[in-house]
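Remarks on the structure that follows.
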Protein chains: 2
Amino acid sequence: MSAVEKAFHGLRHMIGTGRLGPGERIPPEGELCEELGVSRGSLREAVRMLAALGVIEPRHGSGTYVSQLRPEDVIGSLSLTLELLPLSGLLEVYEIRRVLEAHVAAQAAARCTPETVRTLFSLIEDMEATSDPTEASELDHRFHAEIARVGGNPTLATLLAVFRARSRKYQVFTLPEGPDLRRKSDDDHRVLATAIADRDPVAAAGAAQSHVAQTERWLRAFMPPVEETGDGD
Amino acid sequence: MSAVEKAFHGLRHMIGTGRLGPGERIPPEGELCEELGVSRGSLREAVRMLAALGVIEPRHGSGTYVSQLRPEDVIGSLSLTLELLPLSGLLEVYEIRRVLEAHVAAQAAARCTPETVRTLFSLIEDMEATSDPTEASELDHRFHAEIARVGGNPTLATLLAVFRARSRKYQVFTLPEGPDLRRKSDDDHRVLATAIADRDPVAAAGAAQSHVAQTERWLRAFMPPVEETGDGD
DNA sequence: ACTCGAAAGTCATCTGATGACTTTCACTGT
DNA sequence: ACAGTGAAAGTCATCAGATGACTTTCGAGT
C-alpha cells in the first residue's frame, strides 16, 4: 500500500471507528505523520482527498476538523464533478432526477402548509414577471428547492439541488426559443403548485415528472448531434 | 485563492472545456506546475483531490489520465465516504433508496427477459439454500444488482450498489434474530421476482419498496436508542 | 474589566533530492 | 528478418528541510 493510501485509510478508519467524531479537531500534521508512518507531504495529500469528499475541513492556522458527516456534506462533493460529465452521461442522471422530483413533489403535497403555497405562487409570479433569463433560472431553482425542502428529506433536497445546478449550466432560456420554453415551463410550474396546494400527491408527482421530462427533451434537442462512435475503451 | 485551489480549478477547467478529454493523459507534473504557477506539492494535492472524486487517475510511472467521465466514475467516489455517515443520517438515504429501488424494479418488470427470470430465481434458491450469513448477503447483493442492471440505467445501478454496500456493513443477518429476518427477506425476494416475471411494474415497484422499507425498519430497531439532543450546530 | 500585542500553535507553500515504476527503443543473438 | 533483452528516458511517489501566513491564546498594560 502506498504512503498516501496508508494515510488515507488510516484517517478514514479513525473517523469510521468514532475515534474522531463529527466536528472534532484532528491531531496536528506532525503527530499524524508519526502515528501513520508517512511524511507530511503524503499526509497532506490524504487530507486533501478527504476534504474533497466532504469528510474533513482544514482551516488555515487553526487545525483540521471532521465535518458534521451529514449526508449533505458528502453529497455536496458531487457538485464539483457532475458538471464535468458529458451530456450523454447526464441523460442517465436525468432519469434519476425525474423519479426523485416526482417523489418530493408527492411528499410536499402531503405535507404542505398555506405558507408553502403562498411562497410557491409568489415565486411563480416573480418568474412570470421577469424578463431576465438568469433571474428566471434563479427563481426556478428556488421554486424547486422550496418543494424539495417541504418534502422533508434534506439529503434528497441536496441531491436534487446538485442535479439542477448541472442543468442550469446549459441556460436553455437564453436560446432563441427561450421565451417559448419559459412559457411552457411556467405552465408546468402552475400545474405543479396547484397540485401541491390541492394536497394531491398523485397529481403533483405526475406534474413534476412531466416537467423534468420536458426539460430533458429540451436538452436532448439542443445537445450536439449524437456521435455514433461506440464509446468502447 | 490558495495555490491548491488554483491548481484544482485550473485542472477542472481544462477538463470541463474539453482541452483534456476522457481517457487522455494530462501533461507531466513539471509542465502543469509551470503553466498553473504552483509548486509540485500543491499541484499534487490538487491531483489527489480530483482523483478522489473519480475525475482523474494517476498511474505510477506512466502518467495521469482523465477518467472516462461516466456518471458511475464520479458516483463511485461516494462509496468511500457513505460508510462514514452515522446511522441517523443514513435513514434519509434509505428514503432515496426506497424510491429508486421501486423505480428500477418497475423498469426491470417492463424489460425483463426469460433469462433474467431464470437468473433471479436461481439466485433466490441459492440464497435460501445457504446457511452462511455472509454468503447470503453476497447473493442478496447480486440479486438486487441484477434487477438494477436490467433496469437499464448504469448510473442508477451504481448509485444503488453504493447504498446497498453501506447497509451490508451492518450484517443484520448475523444477529440472533438473523434467521427470522432472512426468512422474511427471502419471501420478499420471491414476491419481487414473481412480479418482475409477470411483467407487472406496479406490483414490482410495490414489492421493492416494501422490501427496502422492511430493511429500514430492522436498522431502526437495531440502531442505538435515539438521542433527543437536537442536532443544532 | 477591557484592549492590545506578542508568542505559540497550526496549516500552506516552496525547493531540492532520491526512489520506484512504466514505457520505449536500440542492441544482441538466433 | 525476427524475437528477446537490457539499458535509458520519462513520469509519478516519497521524503526532508525551511519559510510564510493565519488563528488562537494569553499576559501585560491601561
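Chain labels follow the order of the C-alpha cells: the first chain is A, the next B, and so on; residue numbering restarts at 1 in every chain, and ligands are counted from 1 in their shown order.
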Inset, instruction - Find the spatial neighbours of B:Gln68, counting only C-alpha atoms (C1' of nucleotides), within a cut-off of 12 Å - ignore same-chain residues fewer than 6 positions away - and output them as a list of chain:residue names. - result: A:Leu84, A:Leu85, A:Pro86, A:Gly89, A:Asp231, A:Gly232, A:Asp233, B:Ile15, B:Leu20, B:Gly21, B:Pro22, B:Gly23, B:Glu24, B:Arg25, B:Gly54, B:Val55, B:Ile56, B:Glu57, B:Val74
Inset, instruction - Return as a PyMOL selection string the residues belonging to chain C that are within 9 Å of chain A, counting only C-alpha atoms (C1' of nucleotides). - result: chain C and resi 9-12
Go ahead and write the selection's residues with C-alpha atoms (C1' of nucleotides) as a PDB file, in the first residue's frame.
```
ATOM      1  C1'  DG C   9       0.448  26.519  17.520  1.00  0.00           C
ATOM      2  C1'  DT C  10      -1.007  25.069  13.034  1.00  0.00           C
ATOM      3  C1'  DC C  11      -1.661  24.813   8.240  1.00  0.00           C
ATOM      4  C1'  DA C  12       0.271  26.455   3.397  1.00  0.00           C
TER       5       DA C  12
END
```
Inset, instruction - Provide the atom CA of B:Glu115 to atom CA of B:Gly151 distance in Å, to one decimal place. - result: 14.2 Å
Inset, instruction - Give the residues of chain B that lie within 8 Å of chain A; count only C-alpha atoms, and format the answer as a ChimeraX atom specification. - result: /B:12,15-16,41,44-46,48-53,55,69-71,74-75,77-78,81-86,89-90,92-93,96,99-100,103,153-156
Inset, instruction - Would you kindly return, as a list in words, each protein, DNA or RNA residue with an atom no farther than 7 Å from any atom of A:Ala205, considering only C-alpha atoms (C1' of nucleotides) and excluding same-chain residues fewer than 2 positions away? - result: Ala102, His103, Ala105, Ala106, Pro201, Val202, Ala203, Ala207, Ala208 and Gln209 of chain A
